[in-house]
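Dumped my_file_23.csv below, it's CSV, C-alpha atoms and all ligand atoms:
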chain,number,residue,atom,x,y,z
A,1,MET,CA,-41.0,20.0,16.6
A,2,PRO,CA,-44.4,21.3,17.8
A,3,ASP,CA,-44.3,23.6,20.7
A,4,LYS,CA,-46.2,22.8,23.9
A,5,VAL,CA,-47.2,26.0,25.5
A,6,LYS,CA,-48.7,25.4,28.9
A,7,GLN,CA,-49.5,29.0,29.8
A,8,PHE,CA,-51.9,29.2,26.8
A,9,LYS,CA,-54.3,26.5,27.8
A,10,TYR,CA,-57.7,27.6,26.6
A,11,LYS,CA,-60.8,27.1,28.7
A,12,SER,CA,-63.5,25.6,26.5
A,13,ASP,CA,-65.9,28.5,26.9
A,14,GLN,CA,-63.2,31.0,25.8
A,15,ASN,CA,-61.8,28.9,22.9
A,16,GLN,CA,-62.8,30.3,19.6
A,17,GLN,CA,-63.2,26.8,18.4
A,18,SER,CA,-66.2,26.3,20.7
A,19,SER,CA,-68.2,29.5,21.0
A,20,ARG,CA,-71.4,29.0,19.0
A,21,ILE,CA,-72.9,32.0,17.2
A,22,THR,CA,-75.8,31.8,14.8
A,23,ILE,CA,-76.3,34.3,12.0
A,24,GLY,CA,-79.5,34.0,10.0
A,25,ASN,CA,-79.9,30.3,9.4
A,26,TRP,CA,-76.2,29.4,9.5
A,27,GLU,CA,-73.6,29.1,12.2
A,28,LEU,CA,-70.5,31.4,12.3
A,29,PRO,CA,-67.7,29.0,11.8
A,30,ALA,CA,-65.0,28.5,14.4
A,31,GLY,CA,-61.5,29.5,13.3
A,32,ILE,CA,-59.6,32.6,12.5
A,33,ILE,CA,-61.2,34.8,9.8
A,34,LEU,CA,-59.3,35.7,6.6
A,35,ALA,CA,-59.5,39.5,6.2
A,36,PRO,CA,-60.8,40.8,2.9
A,37,MET,CA,-57.8,42.0,0.9
A,38,ALA,CA,-58.2,43.5,-2.5
A,39,GLY,CA,-56.0,41.8,-5.1
A,40,VAL,CA,-55.3,38.9,-2.7
A,41,THR,CA,-58.3,37.2,-1.3
A,42,ASP,CA,-59.9,36.0,-4.5
A,43,SER,CA,-61.7,32.7,-4.7
A,44,ALA,CA,-58.5,30.8,-5.2
A,45,TYR,CA,-56.8,32.0,-2.0
A,46,ARG,CA,-60.0,31.8,0.0
A,47,ARG,CA,-60.3,28.1,-0.9
A,48,ILE,CA,-56.7,27.5,0.1
A,49,THR,CA,-57.2,29.1,3.5
A,50,ARG,CA,-60.5,27.3,4.0
A,51,ARG,CA,-58.7,24.0,3.6
A,52,PHE,CA,-56.5,25.0,6.6
A,53,GLY,CA,-59.5,26.0,8.7
A,54,SER,CA,-60.2,29.7,8.1
A,55,GLY,CA,-63.6,30.6,9.5
A,56,LEU,CA,-66.0,33.0,7.8
A,57,LEU,CA,-64.6,34.2,4.4
A,58,TYR,CA,-65.0,37.6,2.8
A,59,THR,CA,-64.7,38.5,-0.9
A,60,GLU,CA,-62.4,41.4,-1.9
A,61,CYS,CA,-64.3,44.7,-1.8
A,62,ILE,CA,-66.6,45.1,-4.8
A,63,SER,CA,-68.1,48.3,-6.1
A,64,ALA,CA,-71.8,48.7,-5.3
A,65,GLU,CA,-72.1,51.1,-8.3
A,66,GLY,CA,-70.3,48.6,-10.5
A,67,VAL,CA,-72.8,45.9,-9.5
A,68,ARG,CA,-75.7,48.2,-9.9
A,69,ARG,CA,-74.6,49.0,-13.5
A,70,MET,CA,-74.1,45.2,-14.0
A,71,GLY,CA,-70.4,45.8,-14.8
A,72,ALA,CA,-68.8,42.5,-15.8
A,73,GLY,CA,-65.7,43.1,-13.6
A,74,SER,CA,-67.7,43.7,-10.5
A,75,LEU,CA,-70.0,40.8,-11.1
A,76,SER,CA,-67.1,38.4,-11.8
A,77,MET,CA,-65.5,39.3,-8.4
A,78,ALA,CA,-68.7,38.3,-6.7
A,79,ARG,CA,-68.5,34.6,-7.8
A,80,PHE,CA,-67.5,32.1,-5.2
A,81,HIS,CA,-67.3,28.3,-4.9
A,82,PRO,CA,-69.7,26.3,-2.7
A,83,ASP,CA,-66.7,25.3,-0.5
A,84,GLU,CA,-66.3,28.9,0.5
A,85,ARG,CA,-69.6,29.0,2.4
A,86,PRO,CA,-70.3,30.7,4.7
A,87,ILE,CA,-69.1,33.8,2.8
A,88,ALA,CA,-69.7,37.5,3.1
A,89,LEU,CA,-69.6,39.5,-0.1
A,90,GLN,CA,-68.1,42.9,0.6
A,91,LEU,CA,-69.5,46.0,-1.1
A,92,PHE,CA,-68.1,49.6,-1.1
A,93,GLY,CA,-70.2,52.6,-2.0
A,94,SER,CA,-71.5,55.8,-0.6
A,95,ALA,CA,-75.3,56.0,-0.6
A,96,PRO,CA,-78.1,53.8,0.8
A,97,GLN,CA,-80.0,53.6,-2.5
A,98,GLN,CA,-76.9,52.4,-4.3
A,99,PHE,CA,-76.4,49.7,-1.7
A,100,ARG,CA,-80.1,48.7,-1.8
A,101,ASP,CA,-80.0,48.2,-5.6
A,102,ALA,CA,-76.6,46.4,-5.6
A,103,ALA,CA,-77.7,44.2,-2.7
A,104,ALA,CA,-80.8,43.1,-4.5
A,105,ILE,CA,-78.8,42.1,-7.6
A,106,ILE,CA,-76.2,40.3,-5.4
A,107,ALA,CA,-78.8,38.3,-3.5
A,108,ALA,CA,-80.6,37.3,-6.6
A,109,ARG,CA,-77.6,36.2,-8.6
A,110,PHE,CA,-75.1,34.9,-6.0
A,111,GLU,CA,-77.0,34.2,-2.8
A,112,PRO,CA,-74.0,34.9,-0.5
A,113,ASP,CA,-74.5,34.1,3.2
A,114,MET,CA,-74.0,37.8,4.2
A,115,ILE,CA,-73.3,41.2,2.6
A,116,ASP,CA,-70.6,43.2,4.3
A,117,ILE,CA,-70.2,47.0,4.1
A,118,ASN,CA,-66.7,48.3,3.7
A,119,CYS,CA,-66.4,51.3,6.1
A,120,GLY,CA,-62.6,51.3,6.3
A,121,CYS,CA,-60.8,51.5,3.0
A,122,PRO,CA,-58.3,54.4,3.2
A,123,VAL,CA,-57.5,54.5,-0.5
A,124,ARG,CA,-57.8,58.1,-1.6
A,125,LYS,CA,-59.7,57.3,-4.8
A,126,MET,CA,-62.4,55.6,-2.7
A,127,VAL,CA,-62.5,58.1,0.1
A,128,ARG,CA,-62.8,61.0,-2.4
A,129,LYS,CA,-66.0,59.4,-3.7
A,130,ASN,CA,-67.4,59.3,-0.1
A,131,SER,CA,-66.9,55.5,0.1
A,132,GLY,CA,-64.9,53.1,2.3
A,133,GLY,CA,-63.2,54.8,5.2
A,134,TYR,CA,-65.1,58.1,4.5
A,135,LEU,CA,-68.2,56.5,6.1
A,136,MET,CA,-66.5,56.4,9.5
A,137,GLN,CA,-67.3,60.1,9.9
A,138,TYR,CA,-71.0,59.4,9.7
A,139,PRO,CA,-72.3,56.6,12.0
A,140,ASP,CA,-75.9,57.4,11.1
A,141,LEU,CA,-75.2,57.0,7.4
A,142,ILE,CA,-73.6,53.6,8.2
A,143,GLY,CA,-76.9,52.7,9.9
A,144,ARG,CA,-78.9,53.8,7.0
A,145,ILE,CA,-76.7,51.8,4.6
A,146,VAL,CA,-77.1,48.7,6.7
A,147,GLU,CA,-80.9,49.1,6.6
A,148,ALA,CA,-81.0,49.6,2.9
A,149,THR,CA,-78.7,46.7,2.2
A,150,ARG,CA,-80.8,44.4,4.4
A,151,GLU,CA,-84.0,45.5,2.8
A,152,GLY,CA,-82.5,45.2,-0.7
A,153,SER,CA,-81.1,41.7,-0.2
A,154,GLY,CA,-83.1,40.1,2.6
A,155,LEU,CA,-79.7,38.7,3.8
A,156,PRO,CA,-77.8,39.2,7.0
A,157,VAL,CA,-75.6,42.3,6.8
A,158,SER,CA,-72.3,43.1,8.5
A,159,VAL,CA,-70.0,46.1,8.7
A,160,LYS,CA,-66.2,46.3,8.7
A,161,LEU,CA,-65.2,49.4,10.6
A,162,ARG,CA,-62.0,51.2,11.6
A,163,ARG,CA,-61.4,53.0,14.9
A,164,GLY,CA,-62.6,56.2,13.3
A,165,TYR,CA,-61.7,58.5,10.4
A,166,LYS,CA,-59.0,60.6,12.0
A,167,SER,CA,-57.4,60.6,15.4
A,168,PRO,CA,-58.7,61.3,18.0
A,169,ASP,CA,-62.3,61.1,16.8
A,170,GLU,CA,-63.1,57.5,17.7
A,171,THR,CA,-66.5,56.8,16.0
A,172,ALA,CA,-66.3,53.0,15.9
A,173,PRO,CA,-68.5,52.3,19.0
A,174,LEU,CA,-71.2,54.7,17.7
A,175,ALA,CA,-71.0,53.2,14.2
A,176,ALA,CA,-71.3,49.7,15.7
A,177,GLN,CA,-74.4,50.7,17.7
A,178,ALA,CA,-76.0,52.4,14.7
A,179,ALA,CA,-75.3,49.2,12.6
A,180,GLU,CA,-76.8,47.0,15.3
A,181,GLU,CA,-79.9,49.1,15.7
A,182,THR,CA,-80.6,49.0,12.0
A,183,GLY,CA,-80.2,45.2,11.9
A,184,ALA,CA,-76.6,44.4,11.3
A,185,ALA,CA,-75.7,40.8,12.2
A,186,LEU,CA,-72.0,41.2,12.9
A,187,VAL,CA,-69.4,43.9,13.2
A,188,ALA,CA,-65.7,43.6,12.5
A,189,ILE,CA,-63.4,46.3,13.8
A,190,HIS,CA,-59.8,47.1,12.7
A,191,GLY,CA,-58.2,49.2,15.5
A,192,ARG,CA,-56.7,51.9,13.3
A,193,TYR,CA,-57.9,55.3,12.1
A,194,VAL,CA,-58.4,55.7,8.4
A,195,ARG,CA,-56.2,58.7,8.2
A,196,ASN,CA,-53.5,57.6,10.6
A,197,PRO,CA,-52.3,54.4,9.0
A,198,ALA,CA,-48.8,54.5,10.5
A,199,ASP,CA,-50.1,54.1,14.0
A,200,SER,CA,-50.3,50.5,15.3
A,201,ALA,CA,-53.7,49.0,15.8
A,202,ASP,CA,-55.4,49.8,19.1
A,203,TRP,CA,-57.0,46.7,20.5
A,204,ASP,CA,-58.8,48.5,23.4
A,205,VAL,CA,-61.2,50.0,20.9
A,206,ILE,CA,-62.3,46.4,20.0
A,207,GLY,CA,-63.3,46.0,23.7
A,208,ARG,CA,-65.2,49.3,23.5
A,209,VAL,CA,-67.1,48.2,20.4
A,210,LYS,CA,-67.9,44.9,22.2
A,211,SER,CA,-69.3,46.9,25.1
A,212,ALA,CA,-71.2,49.2,22.8
A,213,VAL,CA,-73.2,46.5,21.1
A,214,LYS,CA,-75.9,44.5,22.8
A,215,LYS,CA,-75.8,41.1,21.3
A,216,ILE,CA,-74.2,40.9,17.9
A,217,PRO,CA,-70.8,39.2,17.5
A,218,VAL,CA,-67.7,41.4,17.3
A,219,VAL,CA,-64.7,40.4,15.2
A,220,GLY,CA,-61.3,41.9,16.2
A,221,ASN,CA,-58.7,42.8,13.7
A,222,GLY,CA,-55.3,44.6,13.4
A,223,ASP,CA,-51.7,43.5,13.8
A,224,VAL,CA,-52.4,39.9,14.7
A,225,THR,CA,-49.4,37.9,13.6
A,226,SER,CA,-49.7,34.5,15.3
A,227,ILE,CA,-52.0,32.2,17.1
A,228,LEU,CA,-50.7,33.5,20.4
A,229,ASP,CA,-51.8,37.0,19.3
A,230,VAL,CA,-55.3,35.6,18.5
A,231,ASP,CA,-55.5,34.3,22.1
A,232,ARG,CA,-54.2,37.6,23.5
A,233,MET,CA,-56.7,39.7,21.5
A,234,MET,CA,-59.6,37.5,22.5
A,235,ARG,CA,-58.7,37.7,26.2
A,236,GLN,CA,-57.9,41.4,26.1
A,237,THR,CA,-61.0,42.6,24.2
A,238,GLY,CA,-63.7,39.9,24.7
A,239,CYS,CA,-64.2,39.8,20.9
A,240,ASP,CA,-65.9,36.7,19.5
A,241,ARG,CA,-63.6,36.0,16.6
A,242,VAL,CA,-60.3,37.3,15.3
A,243,MET,CA,-59.6,38.3,11.7
A,244,ILE,CA,-56.1,38.2,10.1
A,245,GLY,CA,-54.9,40.0,7.0
A,246,ARG,CA,-51.2,40.6,6.3
A,247,ALA,CA,-49.9,37.7,8.4
A,248,ALA,CA,-51.9,35.3,6.1
A,249,LEU,CA,-50.0,36.4,3.0
A,250,GLY,CA,-48.2,33.3,1.7
A,251,ASN,CA,-49.1,31.7,5.0
A,252,PRO,CA,-52.4,29.8,4.9
A,253,TRP,CA,-51.0,27.5,7.6
A,254,ILE,CA,-51.8,30.3,10.1
A,255,PHE,CA,-55.4,29.1,10.0
A,256,ARG,CA,-54.6,25.7,11.5
A,257,ALA,CA,-56.1,25.2,14.9
A,258,PRO,CA,-53.9,24.2,17.8
A,259,SER,CA,-54.9,20.9,19.5
A,260,ASP,CA,-55.9,20.8,23.1
A,261,VAL,CA,-53.9,18.4,25.2
A,262,GLU,CA,-53.7,17.8,29.0
A,263,GLY,CA,-52.0,20.9,30.5
A,264,GLY,CA,-51.7,23.0,27.4
A,265,ILE,CA,-52.1,23.1,23.6
A,266,ILE,CA,-50.0,21.9,20.8
A,267,PHE,CA,-49.2,24.0,17.8
A,268,PRO,CA,-49.0,22.3,14.4
A,269,PRO,CA,-45.4,22.2,13.1
A,270,PRO,CA,-44.4,24.8,10.5
A,271,PRO,CA,-44.9,23.6,6.9
A,272,THR,CA,-41.9,21.9,5.3
A,273,PRO,CA,-40.4,23.6,2.2
A,274,ARG,CA,-42.0,20.8,0.1
A,275,GLU,CA,-45.4,21.4,1.6
A,276,ILE,CA,-45.0,25.1,0.8
A,277,ILE,CA,-44.2,24.4,-2.8
A,278,ASP,CA,-47.1,21.9,-3.1
A,279,ILE,CA,-49.6,24.5,-1.8
A,280,LEU,CA,-48.2,27.2,-4.0
A,281,LEU,CA,-48.7,24.9,-7.0
A,282,GLU,CA,-52.2,24.1,-5.8
A,283,HIS,CA,-52.9,27.8,-5.5
A,284,TYR,CA,-51.7,28.3,-9.1
A,285,ARG,CA,-54.1,25.6,-10.3
A,286,LEU,CA,-57.0,27.2,-8.5
A,287,MET,CA,-56.1,30.6,-9.9
A,288,MET,CA,-56.0,29.1,-13.4
A,289,ASN,CA,-59.7,28.0,-12.9
A,290,ILE,CA,-60.8,31.6,-12.4
A,291,PHE,CA,-58.5,33.7,-14.7
A,292,PRO,CA,-57.1,33.2,-18.2
A,293,GLU,CA,-53.5,31.8,-18.0
A,294,PRO,CA,-51.4,34.9,-18.5
A,295,ARG,CA,-53.5,36.9,-16.0
A,296,ALA,CA,-53.5,34.0,-13.5
A,297,VAL,CA,-49.7,33.6,-13.7
A,298,ARG,CA,-49.1,37.3,-13.3
A,299,ARG,CA,-51.6,37.5,-10.4
A,300,MET,CA,-49.7,34.7,-8.7
A,301,ARG,CA,-46.3,36.6,-8.8
A,302,LYS,CA,-46.9,38.4,-5.5
A,303,HIS,CA,-48.1,35.1,-3.9
A,304,PHE,CA,-45.0,33.4,-5.2
A,305,GLY,CA,-42.9,36.0,-3.4
A,306,TRP,CA,-44.8,35.6,-0.1
A,307,TYR,CA,-44.9,31.8,-0.1
A,308,THR,CA,-41.2,31.5,-0.8
A,309,ARG,CA,-39.9,34.0,1.7
A,310,GLY,CA,-37.1,32.3,3.7
A,311,LEU,CA,-36.9,29.2,1.4
A,312,LYS,CA,-33.4,28.1,0.4
A,313,GLY,CA,-32.4,29.7,-2.9
A,314,SER,CA,-35.6,31.8,-2.9
A,315,THR,CA,-34.0,35.0,-4.3
A,316,LYS,CA,-33.0,33.3,-7.5
A,317,LEU,CA,-36.3,31.3,-7.6
A,318,ARG,CA,-38.3,34.5,-7.3
A,319,ALA,CA,-36.3,36.3,-10.0
A,320,GLN,CA,-37.0,33.4,-12.4
A,321,ALA,CA,-40.7,33.3,-11.5
A,322,MET,CA,-41.2,37.0,-12.2
A,323,LYS,CA,-40.2,36.4,-15.8
A,324,ILE,CA,-42.5,33.5,-16.5
A,325,GLU,CA,-45.8,33.9,-18.4
A,326,ASN,CA,-47.2,30.4,-18.5
A,327,PHE,CA,-48.2,27.7,-16.0
A,328,THR,CA,-46.1,24.9,-17.6
A,329,GLU,CA,-42.9,26.8,-17.0
A,330,VAL,CA,-43.9,27.7,-13.4
A,331,MET,CA,-44.6,24.0,-12.8
A,332,GLU,CA,-41.3,23.0,-14.1
A,333,LEU,CA,-39.5,25.6,-12.0
A,334,LEU,CA,-41.3,24.5,-8.9
A,335,MET,CA,-40.9,20.8,-9.4
A,336,ASP,CA,-37.2,21.3,-10.0
A,337,ALA,CA,-37.0,23.5,-6.8
A,338,ARG,CA,-38.9,20.8,-4.9
A,339,ARG,CA,-36.1,18.3,-5.5
A,340,TYR,CA,-33.5,20.6,-3.8
A,341,VAL,CA,-35.3,22.3,-0.9
B,1,LIG,C1,-53.4,44.4,0.4
B,1,LIG,C2,-54.6,44.7,1.3
B,1,LIG,C3,-55.8,44.9,0.7
B,1,LIG,C4,-56.9,45.1,1.6
B,1,LIG,N1,-58.2,45.2,1.0
B,1,LIG,C5,-59.3,45.4,1.8
B,1,LIG,C6,-60.6,45.3,1.3
B,1,LIG,O1,-60.8,45.0,0.1
B,1,LIG,N2,-61.6,45.4,2.2
B,1,LIG,C7,-61.4,45.7,3.5
B,1,LIG,O2,-62.4,45.8,4.3
B,1,LIG,N3,-60.2,45.8,4.0
B,1,LIG,C8,-59.1,45.6,3.2
B,1,LIG,N4,-57.8,45.6,3.8
B,1,LIG,C9,-57.7,45.7,5.2
B,1,LIG,C10,-57.6,44.3,5.9
B,1,LIG,O3,-58.9,43.6,5.7
B,1,LIG,C11,-57.3,44.4,7.4
B,1,LIG,O4,-58.3,45.1,8.0
B,1,LIG,C12,-56.0,45.1,7.7
B,1,LIG,O5,-54.9,44.6,6.8
B,1,LIG,C13,-55.6,44.9,9.1
B,1,LIG,O6,-55.4,43.6,9.5
B,1,LIG,P1,-53.9,42.9,9.6
B,1,LIG,O7,-53.1,43.8,10.6
B,1,LIG,O8,-54.2,41.5,10.1
B,1,LIG,O9,-53.3,43.0,8.2
B,1,LIG,C14,-56.7,45.3,3.0
B,1,LIG,C15,-55.4,45.2,3.5
B,1,LIG,C16,-54.4,44.9,2.7
B,1,LIG,C17,-53.0,44.7,3.3
Can you dump the structure from the file as C-alpha cells?
Amino acid sequence: MPDKVKQFKYKSDQNQQSSRITIGNWELPAGIILAPMAGVTDSAYRRITRRFGSGLLYTECISAEGVRRMGAGSLSMARFHPDERPIALQLFGSAPQQFRDAAAIIAARFEPDMIDINCGCPVRKMVRKNSGGYLMQYPDLIGRIVEATREGSGLPVSVKLRRGYKSPDETAPLAAQAAEETGAALVAIHGRYVRNPADSADWDVIGRVKSAVKKIPVVGNGDVTSILDVDRMMRQTGCDRVMIGRAALGNPWIFRAPSDVEGGIIFPPPPTPREIIDILLEHYRLMMNIFPEPRAVRRMRKHFGWYTRGLKGSTKLRAQAMKIENFTEVMELLMDARRYV
C-alpha cells in the first residue's frame, strides 16, 4: 500500500516539480536527475528512466580526445534518441583546446542540449592523464575549459564537480564560481573528495556551492537513496535539483514523482515482481537496438542482477542468466519466471 507521509508535505515553491529554470532555449525538466554512470547510463537505460520521470539526462563520460580524433567508439557513445532530450553530453579531457575541438564536432554532429565537463572521475587512468577529478585541483583551468567548450560548441555548458581533489582542500565553491564566470549554465556537485572515496558525501558543501554562485542552478548529488533523501537534500542545501546514481541501479521506479494530496504526499507503490520483469525485458529490447546481440546480452547481465535483487528465486535466476548469450533464451527464462513470481 502507498505510504502517506504527512510530515513531508512539499510547499509548491520548494517542490522540485515546480521550480522553473531555463537554460539556453529549453527548460530544465522537473524530476530527479539520473547521474552519469560509465557502463550503465547508455541510451537504453536513459530511456527507461525517462519513462518514469527522470529529469535532465547525461550521457556516460566520453573522451574529448576520442571525439577529436573521430574515434568510432567515442562517437557512438554520443548518440541519443530524441526522447532523451533535454540531454547533456559529458566529456572528459585535460586541456581547453581539446575540449574546444571536441565540442565543435559534438555540436555539429549530435546537437545535444548541453555539454557537461567531467571534473570528478577518480579512476586512476583518467586522473594520471590530468582529466576527470584531477581538474578539481585547478578551478581556473575548469573555467578556461568551460569557456573553450562554449566557444567551440555554441551550446550551454555545465560542470560536474566533486567537493575537492583531496581532503581538506575544498575547491568546489571556487570551481563553481570560475565556471559561472566563464559562462557555465549549471553546476552539479557530488559531495565527496576525489581521493577520499570511502568518506560519505558531505551535503553542506552543496549549500556552499549554492551560495558561491550568483544565479546558475545547482544540482546536489551523493548518497541519496530515496525520495525522502531528495527532499532532505533540497531543504538542507537549497539546491535546485537532485541527482541520483547508485540508488537508480535496477530501480528506475525511483524517478516516479510522489503525488500531492491534502495534508501530505502519496508515494507510488513499489513495483510488483511482474512489473520488474516486464521493465527488465523492455530494457533488453532497447539495449538490442543499440548493440549487437551478444554484446547487448552481456551488457545486460549486471542490470539483470540489480533488477532481480530480492525477487523470489533470484539467486538461481541470476546464475542461469549469467550463462545465456542470446536474447531468445533470456526471454524464455524471464517469461517462465514471470509465471511464478
Ligand atoms: C558505476 C559508476 C559509474 C560512474 N561514471 C561516472 C561518469 O561517467 N561521469 C561522472 O561524472 N560520474 C560518474 N559516476 C559518479 C556518479 O555520477 C555520482 O556522482 C556518484 O555515484 C555519487 O552519486 P550516488 O551516491 O547517488 O551514487 C559514476 C558512478 C558509478 C557508481
Report as a Markdown table the residues of chain A within 7 Å of ligand LIG 1 (chain B), each with its shortest atom pair and distance in Å (one decimal), using all atoms listed in the file, ordered by chain and increasing residue number.
| residue | atom | partner | partner_atom | distance |
| --- | --- | --- | --- | --- |
| A:Ala35 | CA | B:LIG1 | O3 | 4.2 |
| A:Pro36 | CA | B:LIG1 | O3 | 4.4 |
| A:Met37 | CA | B:LIG1 | N1 | 3.2 |
| A:Ala38 | CA | B:LIG1 | N1 | 3.9 |
| A:Gly39 | CA | B:LIG1 | C3 | 6.6 |
| A:Val40 | CA | B:LIG1 | C1 | 6.6 |
| A:Glu60 | CA | B:LIG1 | O1 | 4.4 |
| A:Cys61 | CA | B:LIG1 | O1 | 4.0 |
| A:Asn118 | CA | B:LIG1 | O2 | 5.0 |
| A:Gly120 | CA | B:LIG1 | O2 | 5.9 |
| A:Cys121 | CA | B:LIG1 | N3 | 5.8 |
| A:Lys160 | CA | B:LIG1 | O2 | 5.8 |
| A:His190 | CA | B:LIG1 | O4 | 5.3 |
| A:Asn221 | CA | B:LIG1 | O6 | 5.4 |
| A:Gly222 | CA | B:LIG1 | O7 | 3.6 |
| A:Asp223 | CA | B:LIG1 | O7 | 3.5 |
| A:Val224 | CA | B:LIG1 | O8 | 5.2 |
| A:Thr225 | CA | B:LIG1 | O8 | 6.9 |
| A:Met243 | CA | B:LIG1 | O8 | 6.5 |
| A:Ile244 | CA | B:LIG1 | O8 | 3.8 |
| A:Gly245 | CA | B:LIG1 | O8 | 3.5 |
| A:Arg246 | CA | B:LIG1 | O9 | 3.7 |
| A:Ala247 | CA | B:LIG1 | O8 | 6.0 |
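Here atom CA of A:Met126 stands at a distance of 27.6 Å from atom CA of A:Arg47.
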Quick one: pull the distance between atom CA of A:Asp278 and atom CA of A:Asp336, Å, one decimal.
12.1 Å
Å distance separating atom CA of A:Pro173 from atom CA of A:Ile87, one decimal place:
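Atom-to-atom, atom CA of A:Pro173 and atom CA of A:Ile87 are spaced 24.6 Å apart.
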Find the residue from A:Ile290, A:Ile277, A:Met70, A:Ala248 that sits nearest to A:Arg50; use all atoms listed in the file when measuring.
A:Ala248
Dump as number ranges by chain all residues having an atom at most 7 Å from (-74.6, 44.4, 4.7), computed in the file's coordinates with all atoms listed in the file.
A: 114-117, 146, 149-150, 156-159, 184
Env of A:Ala172: 9 Å cut, atoms = only C-alpha atoms, seq-sep filter 2 positions within chain, self excluded. Answer as a PDB file with C-alpha atoms, in the coordinates of the input.
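Writing the result to out_37.pdb gives the following:
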ATOM      1  CA  MET A 136     -66.500  56.400   9.500  1.00  0.00           C
ATOM      2  CA  PRO A 139     -72.300  56.600  12.000  1.00  0.00           C
ATOM      3  CA  LEU A 161     -65.200  49.400  10.600  1.00  0.00           C
ATOM      4  CA  ARG A 162     -62.000  51.200  11.600  1.00  0.00           C
ATOM      5  CA  ARG A 163     -61.400  53.000  14.900  1.00  0.00           C
ATOM      6  CA  GLY A 164     -62.600  56.200  13.300  1.00  0.00           C
ATOM      7  CA  GLU A 170     -63.100  57.500  17.700  1.00  0.00           C
ATOM      8  CA  LEU A 174     -71.200  54.700  17.700  1.00  0.00           C
ATOM      9  CA  ALA A 175     -71.000  53.200  14.200  1.00  0.00           C
ATOM     10  CA  ALA A 176     -71.300  49.700  15.700  1.00  0.00           C
ATOM     11  CA  GLN A 177     -74.400  50.700  17.700  1.00  0.00           C
ATOM     12  CA  ILE A 189     -63.400  46.300  13.800  1.00  0.00           C
ATOM     13  CA  GLY A 191     -58.200  49.200  15.500  1.00  0.00           C
ATOM     14  CA  VAL A 205     -61.200  50.000  20.900  1.00  0.00           C
ATOM     15  CA  ILE A 206     -62.300  46.400  20.000  1.00  0.00           C
ATOM     16  CA  ARG A 208     -65.200  49.300  23.500  1.00  0.00           C
ATOM     17  CA  VAL A 209     -67.100  48.200  20.400  1.00  0.00           C
TER      18      VAL A 209
END
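When only C-alpha atoms are used to compute distances to A:Val230, the closest of the residues A:Pro252, A:Pro258, A:Pro96, A:Pro269 turns out to be A:Pro258.
Shown here are all protein and nucleic acid residues lying within 6 Å of (-55.0, 26.4, -1.2), with only C-alpha atoms considered: Tyr45, Arg47, Ile48, Thr49, Ile279, Glu282 and His283 of chain A.
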